[in-house]
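Structure below is work32.txt: compact mmCIF, C-alpha atoms.
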```txt
# COMPACT_ATOMS: atom_id res chain seq x y z
CA MET C 1 25.74 3.35 -10.19
CA PHE C 2 22.05 2.40 -10.54
CA LYS C 3 22.79 -1.25 -9.90
CA ARG C 4 24.63 -0.29 -6.76
CA SER C 5 21.81 1.89 -5.47
CA VAL C 6 19.28 -0.92 -5.97
CA ARG C 7 21.55 -3.36 -4.11
CA LYS C 8 21.94 -0.87 -1.30
CA GLY C 9 18.23 -0.68 -0.62
CA ASN C 10 15.48 1.92 -0.94
CA TYR C 11 15.85 3.45 2.50
CA ALA C 12 14.13 6.80 1.79
CA TYR C 13 10.90 5.16 0.61
CA THR C 14 10.70 2.39 3.19
CA VAL C 15 11.75 4.53 6.14
CA THR C 16 9.13 7.19 5.32
CA ARG C 17 6.47 4.53 5.12
CA VAL C 18 7.40 3.02 8.46
CA LYS C 19 7.61 6.47 10.06
CA ALA C 20 4.09 7.22 8.82
CA LYS C 21 2.94 3.86 10.21
CA LYS C 22 4.71 4.53 13.50
CA SER C 23 2.82 7.79 13.98
CA HIS C 24 -0.41 5.76 14.06
CA LEU C 25 0.70 3.41 16.82
CA LEU C 26 -1.18 3.53 20.12
CA LYS C 27 0.13 5.86 22.82
CA GLU C 28 0.15 5.53 26.59
CA ASP C 29 -3.13 7.50 26.81
CA ASP C 30 -4.79 4.95 24.55
CA TYR C 31 -3.78 2.09 26.84
CA ASP C 32 -5.02 4.06 29.87
CA LYS C 33 -8.40 4.38 28.17
CA MET C 34 -8.47 0.75 27.04
CA ILE C 35 -7.75 -0.55 30.54
CA GLN C 36 -11.03 0.96 31.67
CA MET C 37 -13.06 -0.63 28.89
CA SER C 38 -14.75 -4.00 28.41
CA VAL C 39 -13.54 -6.41 25.69
CA PRO C 40 -16.22 -5.36 23.11
CA GLU C 41 -15.33 -1.72 23.79
CA ILE C 42 -11.64 -2.52 23.28
CA SER C 43 -12.60 -4.19 19.96
CA ARG C 44 -14.40 -1.04 18.86
CA TYR C 45 -11.58 1.19 20.05
CA ILE C 46 -8.87 -0.65 18.12
CA SER C 47 -11.16 -0.79 15.07
CA GLU C 48 -10.91 2.98 15.04
CA SER C 49 -7.13 2.89 15.53
CA GLY C 50 -5.97 1.10 12.39
CA TYR C 51 -7.29 -2.43 12.95
CA GLN C 52 -10.58 -1.81 11.15
CA LYS C 53 -9.97 -4.01 8.10
CA GLU C 54 -8.86 -7.05 10.09
CA MET C 55 -11.62 -6.64 12.67
CA ALA C 56 -14.23 -6.47 9.88
CA ASP C 57 -12.72 -9.46 8.04
CA LEU C 58 -12.65 -11.68 11.10
CA ALA C 59 -15.83 -10.48 12.84
CA GLY C 60 -17.87 -13.24 11.19
CA ARG C 61 -15.63 -16.03 12.50
CA PHE C 62 -14.63 -14.84 15.95
CA GLU C 63 -15.96 -12.67 18.72
CA GLY C 64 -14.81 -11.10 21.96
CA LEU C 65 -11.30 -11.84 23.09
CA GLU C 66 -10.63 -14.25 20.20
CA LEU C 67 -11.53 -11.56 17.68
CA VAL C 68 -9.10 -9.09 19.28
CA GLU C 69 -6.30 -11.67 19.37
CA HIS C 70 -6.72 -12.82 15.77
CA ALA C 71 -7.29 -9.34 14.36
CA THR C 72 -4.18 -7.93 16.04
CA TYR C 73 -1.97 -10.77 14.77
CA GLN C 74 -3.49 -10.53 11.30
CA ASN C 75 -2.91 -6.78 11.26
CA MET C 76 0.69 -7.21 12.34
CA ALA C 77 1.19 -9.80 9.59
CA ASN C 78 -0.28 -7.45 6.98
CA VAL C 79 1.84 -4.52 8.15
CA PHE C 80 5.07 -6.55 8.17
CA LYS C 81 4.28 -8.00 4.77
CA SER C 82 3.78 -4.50 3.38
CA ILE C 83 7.17 -3.44 4.76
CA LEU C 84 8.84 -6.51 3.31
CA GLY C 85 7.14 -5.85 -0.03
CA ALA C 86 8.23 -2.21 0.00
CA SER C 87 11.89 -2.80 0.80
CA GLN C 88 14.56 -3.69 -1.75
CA GLY C 89 18.20 -4.71 -1.88
CA GLU C 90 20.16 -5.27 1.33
CA LEU C 91 17.30 -3.71 3.32
CA ALA C 92 14.92 -6.40 2.05
CA ILE C 93 17.45 -9.09 2.95
CA MET C 94 17.78 -7.79 6.51
CA VAL C 95 14.01 -7.28 6.96
CA ALA C 96 13.32 -10.78 5.61
CA ALA C 97 15.92 -12.29 7.93
CA TYR C 98 14.42 -10.41 10.88
CA LEU C 99 10.89 -11.51 9.97
CA GLU C 100 11.97 -15.12 9.55
CA LYS C 101 11.13 -15.54 13.22
CA TRP C 102 7.46 -15.50 12.19
CA ASP C 103 8.11 -18.22 9.60
CA ILE C 104 9.68 -20.23 12.38
CA TRP C 105 6.76 -19.43 14.68
CA ASN C 106 4.38 -20.70 11.97
CA LEU C 107 6.43 -23.83 11.40
CA LYS C 108 6.38 -24.53 15.14
CA VAL C 109 2.59 -24.05 15.21
CA ILE C 110 2.18 -26.47 12.29
CA ILE C 111 4.50 -29.08 13.84
CA ARG C 112 2.71 -28.85 17.19
CA GLY C 113 -0.68 -28.96 15.47
CA LYS C 114 0.29 -32.04 13.47
CA SER C 115 1.76 -33.76 16.54
CA TYR C 116 -1.40 -33.20 18.56
CA GLY C 117 -3.72 -34.11 15.66
CA LEU C 118 -5.31 -30.68 15.18
CA ASP C 119 -7.30 -30.16 12.00
CA ALA C 120 -6.18 -27.76 9.25
CA ALA C 121 -8.59 -24.98 10.30
CA GLY C 122 -7.42 -25.23 13.91
CA ILE C 123 -3.77 -24.90 12.90
CA LYS C 124 -4.46 -22.05 10.50
CA GLU C 125 -6.11 -20.00 13.22
CA ASP C 126 -2.85 -19.67 15.12
CA LEU C 127 -0.61 -18.77 12.19
CA VAL C 128 0.89 -15.32 11.79
CA PRO C 129 1.87 -15.04 8.13
CA ALA C 130 4.19 -12.07 8.73
CA GLY C 131 7.33 -13.64 7.31
CA LYS C 132 8.71 -14.56 3.92
CA VAL C 133 6.69 -17.77 3.61
CA ASP C 134 3.33 -16.72 2.15
CA GLU C 135 -0.11 -18.04 3.01
CA GLU C 136 -0.22 -20.33 -0.01
CA ALA C 137 2.99 -22.08 1.07
CA LEU C 138 1.68 -22.28 4.65
CA ASP C 139 -1.55 -23.88 3.39
CA LYS C 140 0.54 -26.44 1.54
CA LEU C 141 2.49 -27.20 4.73
CA ILE C 142 -0.73 -27.60 6.71
CA SER C 143 -2.18 -29.96 4.12
CA LEU C 144 0.73 -32.41 4.49
CA ASP C 145 0.12 -35.56 6.51
CA SER C 146 3.05 -35.92 8.85
CA VAL C 147 5.64 -33.78 10.63
CA ASP C 148 8.36 -35.41 8.49
CA ASP C 149 6.64 -34.24 5.31
CA VAL C 150 6.27 -30.74 6.79
CA LEU C 151 9.98 -30.60 7.61
CA ASN C 152 10.89 -31.88 4.14
CA GLU C 153 8.72 -29.29 2.45
CA TYR C 154 9.87 -26.47 4.70
CA SER C 155 13.51 -27.28 4.04
CA LYS C 156 12.74 -26.53 0.37
CA ILE C 157 10.60 -23.42 0.96
CA GLY C 158 12.70 -21.87 3.71
CA LYS C 159 16.03 -23.20 2.39
CA VAL C 160 16.74 -24.77 5.78
CA LYS C 161 18.92 -27.81 6.16
CA PHE C 162 17.86 -29.79 9.20
CA PRO C 163 20.91 -31.59 10.66
CA ALA C 164 20.69 -35.38 10.59
CA GLU C 165 21.27 -35.64 14.37
CA VAL C 166 18.31 -33.32 15.08
CA LEU C 167 16.05 -35.34 12.81
CA SER C 168 17.22 -38.67 14.22
CA GLU C 169 16.78 -37.43 17.81
CA TYR C 170 13.28 -36.29 16.90
CA LYS C 171 12.50 -39.64 15.31
CA GLU C 172 13.82 -41.54 18.33
CA THR C 173 12.11 -39.51 21.02
CA GLY C 174 9.13 -38.09 19.13
CA ASN C 175 9.84 -34.83 20.98
CA HIS C 176 9.47 -31.89 18.60
CA GLY C 177 11.26 -29.70 21.13
CA VAL C 178 14.60 -30.64 19.54
CA ILE C 179 13.45 -29.26 16.20
CA GLU C 180 12.14 -26.11 17.85
CA ASP C 181 15.44 -25.52 19.67
CA PHE C 182 17.32 -26.02 16.42
CA LEU C 183 15.04 -23.56 14.62
CA ASP C 184 15.56 -20.86 17.28
CA LYS C 185 19.33 -21.18 17.04
CA TYR C 186 19.17 -21.37 13.27
CA HIS C 187 17.07 -18.20 13.01
CA TYR C 188 19.54 -16.12 15.00
CA GLN C 189 22.48 -17.56 13.10
CA ARG C 190 20.89 -16.73 9.76
CA LEU C 191 19.95 -13.24 10.99
CA LEU C 192 23.51 -12.55 12.16
CA ASP C 193 24.85 -13.79 8.82
CA SER C 194 22.47 -11.55 6.84
CA ILE C 195 23.80 -8.35 8.38
CA SER C 196 27.03 -7.13 6.82
CA PRO C 197 28.66 -4.86 9.40
CA TYR C 198 30.35 -2.53 6.91
CA THR C 199 28.34 0.59 7.72
CA GLN C 200 27.69 2.15 11.10
CA PRO C 201 23.90 1.52 11.05
CA THR C 202 24.27 -2.15 10.17
CA LYS C 203 26.93 -2.45 12.87
CA ILE C 204 24.43 -1.02 15.39
CA PHE C 205 21.75 -3.40 14.12
CA LEU C 206 24.12 -6.34 14.47
CA ASN C 207 24.94 -5.32 18.04
CA TYR C 208 21.24 -4.96 18.80
CA ILE C 209 20.59 -8.49 17.58
CA ARG C 210 23.52 -9.78 19.63
CA LYS C 211 22.10 -8.06 22.70
CA ASP C 212 18.72 -9.54 21.81
CA ILE C 213 20.31 -13.00 21.87
CA ASP C 214 21.69 -12.19 25.34
CA VAL C 215 18.21 -11.22 26.49
CA VAL C 216 16.68 -14.41 25.10
CA ASN C 217 19.40 -16.51 26.76
CA LEU C 218 18.98 -14.67 30.06
CA ARG C 219 15.23 -15.16 30.00
CA THR C 220 15.61 -18.85 29.22
CA ILE C 221 18.13 -19.30 32.04
CA MET C 222 15.91 -17.44 34.52
CA LYS C 223 12.80 -19.35 33.56
CA LEU C 224 14.50 -22.76 33.72
CA LYS C 225 16.21 -21.85 36.97
CA SER C 226 12.91 -20.91 38.58
CA GLU C 227 11.71 -24.41 37.73
CA GLY C 228 14.80 -25.91 39.32
CA ILE C 229 16.55 -26.91 36.10
CA THR C 230 20.32 -26.28 36.06
CA GLY C 231 23.59 -27.18 34.33
CA GLU C 232 23.76 -29.03 31.05
CA GLN C 233 20.00 -29.12 30.69
CA VAL C 234 19.96 -25.30 30.55
CA MET C 235 22.89 -25.15 28.13
CA LYS C 236 20.90 -27.21 25.62
CA TYR C 237 18.77 -24.11 25.02
CA PHE C 238 21.69 -21.68 24.84
CA ILE C 239 21.78 -19.63 21.62
CA PRO C 240 25.32 -18.74 20.54
CA GLY C 241 26.24 -15.33 19.12
CA GLY C 242 25.34 -13.09 22.06
CA MET C 243 27.31 -10.00 22.93
CA GLN C 244 28.04 -10.38 26.63
CA ILE C 245 26.90 -13.89 27.38
CA ASP C 246 29.19 -16.40 25.74
CA SER C 247 28.90 -20.11 26.40
CA LYS C 248 31.37 -19.88 29.31
CA PHE C 249 29.41 -17.20 31.11
CA ALA C 250 26.14 -18.95 30.29
CA GLN C 251 27.59 -22.05 31.93
CA VAL C 252 28.32 -20.05 35.09
CA LEU C 253 24.74 -18.74 35.16
CA ALA C 254 23.32 -22.16 34.36
CA ASN C 255 25.33 -23.84 37.12
CA ALA C 256 24.21 -21.38 39.81
CA ASP C 257 22.16 -23.24 42.40
CA THR C 258 19.36 -20.73 42.80
CA VAL C 259 17.77 -17.84 40.94
CA GLN C 260 19.28 -15.46 43.48
CA ALA C 261 22.77 -16.86 42.90
CA ALA C 262 22.33 -16.49 39.14
CA THR C 263 21.17 -12.89 39.45
CA GLY C 264 24.26 -12.23 41.59
CA ASP C 265 26.47 -13.53 38.79
CA MET C 266 24.73 -11.16 36.39
CA SER C 267 26.50 -8.16 37.95
CA ARG C 268 29.02 -8.46 35.09
CA LEU C 269 26.36 -7.56 32.58
CA GLU C 270 25.75 -4.11 31.15
CA LEU C 271 22.09 -4.18 32.11
CA TYR C 272 22.69 -5.18 35.74
CA ASP C 273 23.10 -1.79 37.46
CA GLU C 274 20.29 0.00 35.72
CA TYR C 275 17.74 -2.76 35.27
CA ILE C 276 18.31 -5.88 37.40
CA LYS C 277 19.77 -4.34 40.57
CA PRO C 278 16.76 -2.09 41.32
CA VAL C 279 14.49 -5.15 41.08
CA LEU C 280 16.74 -7.18 43.37
CA ASP C 281 16.85 -4.33 45.89
CA SER C 282 13.10 -3.74 45.87
CA ASP C 283 10.64 -5.51 48.18
CA THR C 284 8.62 -6.88 45.28
CA TYR C 285 11.44 -9.07 43.96
CA ASN C 286 10.34 -12.10 42.01
CA ASN C 287 11.42 -13.92 38.91
CA ARG C 288 8.76 -12.30 36.76
CA ALA C 289 9.95 -8.83 37.79
CA VAL C 290 13.50 -9.68 36.71
CA ILE C 291 12.27 -10.96 33.34
CA ALA C 292 10.17 -7.78 32.92
CA ALA C 293 13.29 -5.70 33.72
CA ILE C 294 15.25 -7.61 31.06
CA LYS C 295 12.42 -6.97 28.59
CA LYS C 296 12.53 -3.25 29.45
CA TYR C 297 16.26 -3.23 28.72
CA GLN C 298 15.56 -4.76 25.32
CA GLU C 299 12.93 -2.08 24.55
CA ASP C 300 15.27 0.71 25.66
CA GLN C 301 18.02 -0.64 23.40
CA ALA C 302 15.59 -0.49 20.47
CA LYS C 303 14.56 3.07 21.37
CA LYS C 304 18.18 4.16 21.60
CA MET C 305 19.04 3.05 18.08
CA ALA C 306 15.85 4.35 16.43
CA HIS C 307 16.95 7.94 15.84
CA MET C 308 20.63 7.39 15.13
CA TYR C 309 20.62 7.00 11.35
CA PRO C 310 17.39 8.14 9.66
CA LEU C 311 18.13 6.54 6.30
CA SER C 312 19.08 3.07 7.44
CA VAL C 313 17.63 -0.25 8.55
CA LEU C 314 17.38 1.02 12.15
CA PRO C 315 14.07 2.96 11.94
CA VAL C 316 12.52 -0.01 10.11
CA VAL C 317 13.55 -2.46 12.82
CA ASP C 318 12.51 0.02 15.50
CA PHE C 319 9.02 0.21 14.01
CA MET C 320 8.71 -3.57 13.79
CA ILE C 321 9.68 -3.87 17.46
CA HIS C 322 7.14 -1.19 18.41
CA LYS C 323 4.42 -2.83 16.37
CA GLU C 324 5.04 -6.18 18.04
CA THR C 325 4.95 -4.44 21.41
CA GLU C 326 1.68 -2.73 20.54
CA VAL C 327 0.06 -6.00 19.52
CA ARG C 328 1.34 -7.67 22.69
CA ASN C 329 0.04 -4.78 24.80
CA ILE C 330 -3.43 -4.86 23.22
CA ARG C 331 -3.63 -8.60 23.84
CA ILE C 332 -2.46 -8.15 27.44
CA VAL C 333 -5.11 -5.49 28.06
CA ALA C 334 -7.85 -7.56 26.41
CA ARG C 335 -6.88 -10.73 28.29
CA GLY C 336 -6.43 -8.84 31.55
CA VAL C 337 -9.83 -7.17 31.27
CA ASP C 338 -11.44 -10.48 30.28
CA GLY C 339 -9.77 -12.26 33.18
CA GLY C 340 -10.83 -9.59 35.67
CA LEU C 341 -7.31 -8.39 36.56
CA SER C 342 -7.00 -5.08 38.36
CA ARG C 343 -6.11 -1.99 36.32
CA GLU C 344 -2.80 -1.59 38.16
CA THR C 345 -1.80 -5.18 37.41
CA ILE C 346 -2.62 -4.82 33.72
CA LYS C 347 -0.73 -1.52 33.55
CA GLY C 348 2.25 -3.18 35.22
CA LEU C 349 2.32 -5.86 32.53
CA LEU C 350 2.38 -3.40 29.65
CA VAL C 351 5.57 -2.30 27.94
CA ILE C 352 5.15 1.37 27.04
CA MET A 1 41.88 34.08 -30.78
CA ALA A 2 42.06 34.85 -27.05
CA ALA A 3 38.53 36.24 -27.15
CA ALA A 4 37.27 33.09 -28.86
CA GLU A 5 39.04 30.95 -26.25
CA ALA A 6 37.48 33.00 -23.42
CA ALA A 7 34.02 32.67 -24.98
CA GLY A 8 34.57 28.93 -25.26
CA LEU A 9 35.61 28.61 -21.64
CA ILE A 10 32.60 30.68 -20.54
CA ALA A 11 30.34 28.33 -22.50
CA VAL A 12 32.00 25.29 -20.86
CA GLY A 13 31.58 26.94 -17.42
CA ALA A 14 27.94 27.72 -18.11
CA GLY A 15 27.37 24.14 -19.23
CA LEU A 16 29.07 22.77 -16.12
CA ALA A 17 27.00 25.06 -13.88
CA VAL A 18 23.72 23.76 -15.28
CA GLY A 19 24.90 20.17 -15.74
CA LEU A 20 26.40 19.67 -12.29
CA THR A 21 23.55 21.39 -10.46
CA GLY A 22 21.15 19.25 -12.48
CA LEU A 23 23.01 16.14 -11.33
CA GLY A 24 22.93 17.34 -7.71
CA ALA A 25 19.23 18.10 -7.93
CA GLY A 26 18.63 14.70 -9.48
CA ILE A 27 20.37 12.89 -6.63
CA ALA A 28 18.49 14.97 -4.05
CA GLU A 29 15.16 14.52 -5.77
CA GLY A 30 15.70 10.80 -6.01
CA ASN A 31 15.66 10.50 -2.23
CA VAL A 32 13.03 13.18 -1.65
CA GLY A 33 10.78 11.69 -4.33
CA ALA A 34 11.08 8.18 -2.93
CA ALA A 35 10.26 9.49 0.55
CA ALA A 36 7.37 11.57 -0.82
CA VAL A 37 5.84 8.57 -2.59
CA GLY A 38 6.26 6.56 0.61
CA ALA A 39 4.48 9.25 2.62
CA ILE A 40 1.65 9.58 0.08
CA THR A 41 1.20 5.78 0.01
CA GLU A 42 0.52 5.84 3.75
CA ASP A 43 -1.48 9.06 3.83
CA ALA A 44 -2.81 10.57 0.60
CA SER A 45 -3.55 13.88 2.34
CA LEU A 46 0.21 14.55 2.46
CA PHE A 47 0.32 15.07 -1.30
CA GLY A 48 0.53 18.88 -1.09
CA LYS A 49 3.34 18.90 1.47
CA ALA A 50 5.21 16.14 -0.39
CA MET A 51 4.96 18.13 -3.61
CA ILE A 52 6.56 21.18 -1.97
CA PHE A 53 9.46 19.09 -0.69
CA MET A 54 9.80 17.52 -4.14
CA VAL A 55 10.24 20.92 -5.75
CA LEU A 56 12.79 22.24 -3.24
CA PRO A 57 15.90 20.54 -4.74
CA GLU A 58 15.04 22.06 -8.13
CA THR A 59 16.11 25.45 -6.77
CA ILE A 60 19.67 24.14 -7.04
CA VAL A 61 19.28 23.92 -10.84
CA ILE A 62 17.82 27.44 -10.90
CA PHE A 63 20.96 28.69 -9.14
CA GLY A 64 23.05 26.91 -11.77
CA LEU A 65 20.92 28.36 -14.54
CA VAL A 66 21.29 31.89 -13.13
CA ILE A 67 25.06 31.47 -12.96
CA SER A 68 25.21 30.20 -16.53
CA ILE A 69 23.04 33.08 -17.79
CA LEU A 70 25.26 35.53 -15.91
CA ALA A 71 28.35 33.87 -17.39
CA ILE A 72 27.09 33.97 -20.97
CA PHE A 73 25.31 37.33 -21.10
CA VAL A 74 26.95 39.47 -18.43
CA MET A 75 30.61 38.44 -18.47
```

Target encoding structure tokens, full file:
Amino acid sequence: MFKRSVRKGNYAYTVTRVKAKKSHLLKEDDYDKMIQMSVPEISRYISESGYQKEMADLAGRFEGLELVEHATYQNMANVFKSILGASQGELAIMVAAYLEKWDIWNLKVIIRGKSYGLDAAGIKEDLVPAGKVDEEALDKLISLDSVDDVLNEYSKIGKVKFPAEVLSEYKETGNHGVIEDFLDKYHYQRLLDSISPYTQPTKIFLNYIRKDIDVVNLRTIMKLKSEGITGEQVMKYFIPGGMQIDSKFAQVLANADTVQAATGDMSRLELYDEYIKPVLDSDTYNNRAVIAAIKKYQEDQAKKMAHMYPLSVLPVVDFMIHKETEVRNIRIVARGVDGGLSRETIKGLLVI
Amino acid sequence: MAAAEAAGLIAVGAGLAVGLTGLGAGIAEGNVGAAAVGAITEDASLFGKAMIFMVLPETIVIFGLVISILAIFVM
């Protein structure tokens, strides 16, 4: 019985911790106040809202906008690491698989840094050690000489097997994009595999991830389409495993001549009527508005699942999504204020 | 003989009442305790409230104890 309960995961403990953390997240009022501040004022404001430790730690190395950006990412990494450390059993497996995206983010940063000849300190600045791979292992990766060595080492640390054709294509072309595309697909595949859909909450989580894959695919298709890229070129970036967009439907969207034609094809999707159609009908239609609408759909999906099963993985994932959104919002406000954007424009960019 | 049998069954019933309620309270307190420790880890000021919630499942055992006392001494 005890063995079983450990395998199942310590939901009561972890969920209470994330709920307590969630109550400290910034609210809409906070963003309204921050929009009216200068960057140093924003720094002070977030210092008083849970980012104090990171702001104090990094204040000697950075200032202004850079300080806000680094402190928010560092805080997110610390928070996610504490959740990962707190969870056990199947919960820990799912949280680790979800957070693997930050390991992949870090690996991409290191590969790009190595390819462009950045020094170790420069690469380290952009890392977000929020995943399973700890800072020590990341330091080891940074210290390696070439991208090949980094991939070799990461395949041991992250237990990733890079396919021979990906490696050979990378070696032939020198384009690290092929590795990045593989890693994106690999992350979602591993995440889907880590969720066993035997209970209702894990089933909901699985469906959320599958919808997330749809959103990522849609965004990729829209972005590439707006740059005039269609057909096979788009399908190269297609991530399998989505709920509504299978490879056939993705092909239809990818082959559409224009963005407008693609959005027309999207009428089959669940999110079309509520999210995409109003944007298409409005006067302010543009590609960015459609992508923002898709993002809103993703947020609403997360909100919907948050309160369904209190003692499950769902509140934990919901918090992680909200934390990421908060960090993104703070950075948007800080960058917007720094860049002199109007308050309305900044507010429009926020996801609240 | 019948009286001895009845006394034995009452003792078994009393034991079951305390034992099973104890098991129930244990399961409940396991979850409440884990949640309470989680809450205190995030915010130490919640200790008082967490303590109250920790104690609540123990009332189940008290019910069991009352039943067993009633069974042994009143019946």

(message) Could you tell me how far CA of Gly38 in chain A sits from CA of Leu191 in chain C, in Å to one decimal place?
(response) 26.2 Å

(message) Only residues of chain A matter here; which ones have an atom within 8 Å of chain C, counting all atoms listed in the file? Give them as a list in words.
(response)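 Interface list for chain A against chain C: Asn31, Val32, Ala34, Ala35, Ala36, Val37, Gly38, Ala39, Thr41, Glu42 and Asp43 of chain A.
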
(request) Just the residues within 7 Å of Thr21 in chain A, please, counting only C-alpha atoms, with nothing from its chain fewer than 6 positions along; format it as a PyMOL selection string. (result) chain A and resi 60-61+64

(request) Name all residues at most 9 Å from Ile72 in chain A (count all atoms listed in the file; drop same-chain ones fewer than 6 positions away) and give them as a VMD selection string. (result) chain A and resid 7 10 to 11 14

(message) (10.1, 2.0, 29.0) in this file's frame - what residues fall within 12 Å of it? Use all atoms listed in the file and give the answer as an NGL selection string.
(response) :C and (28 or 275 or 292-304 or 322 or 325 or 348-352)
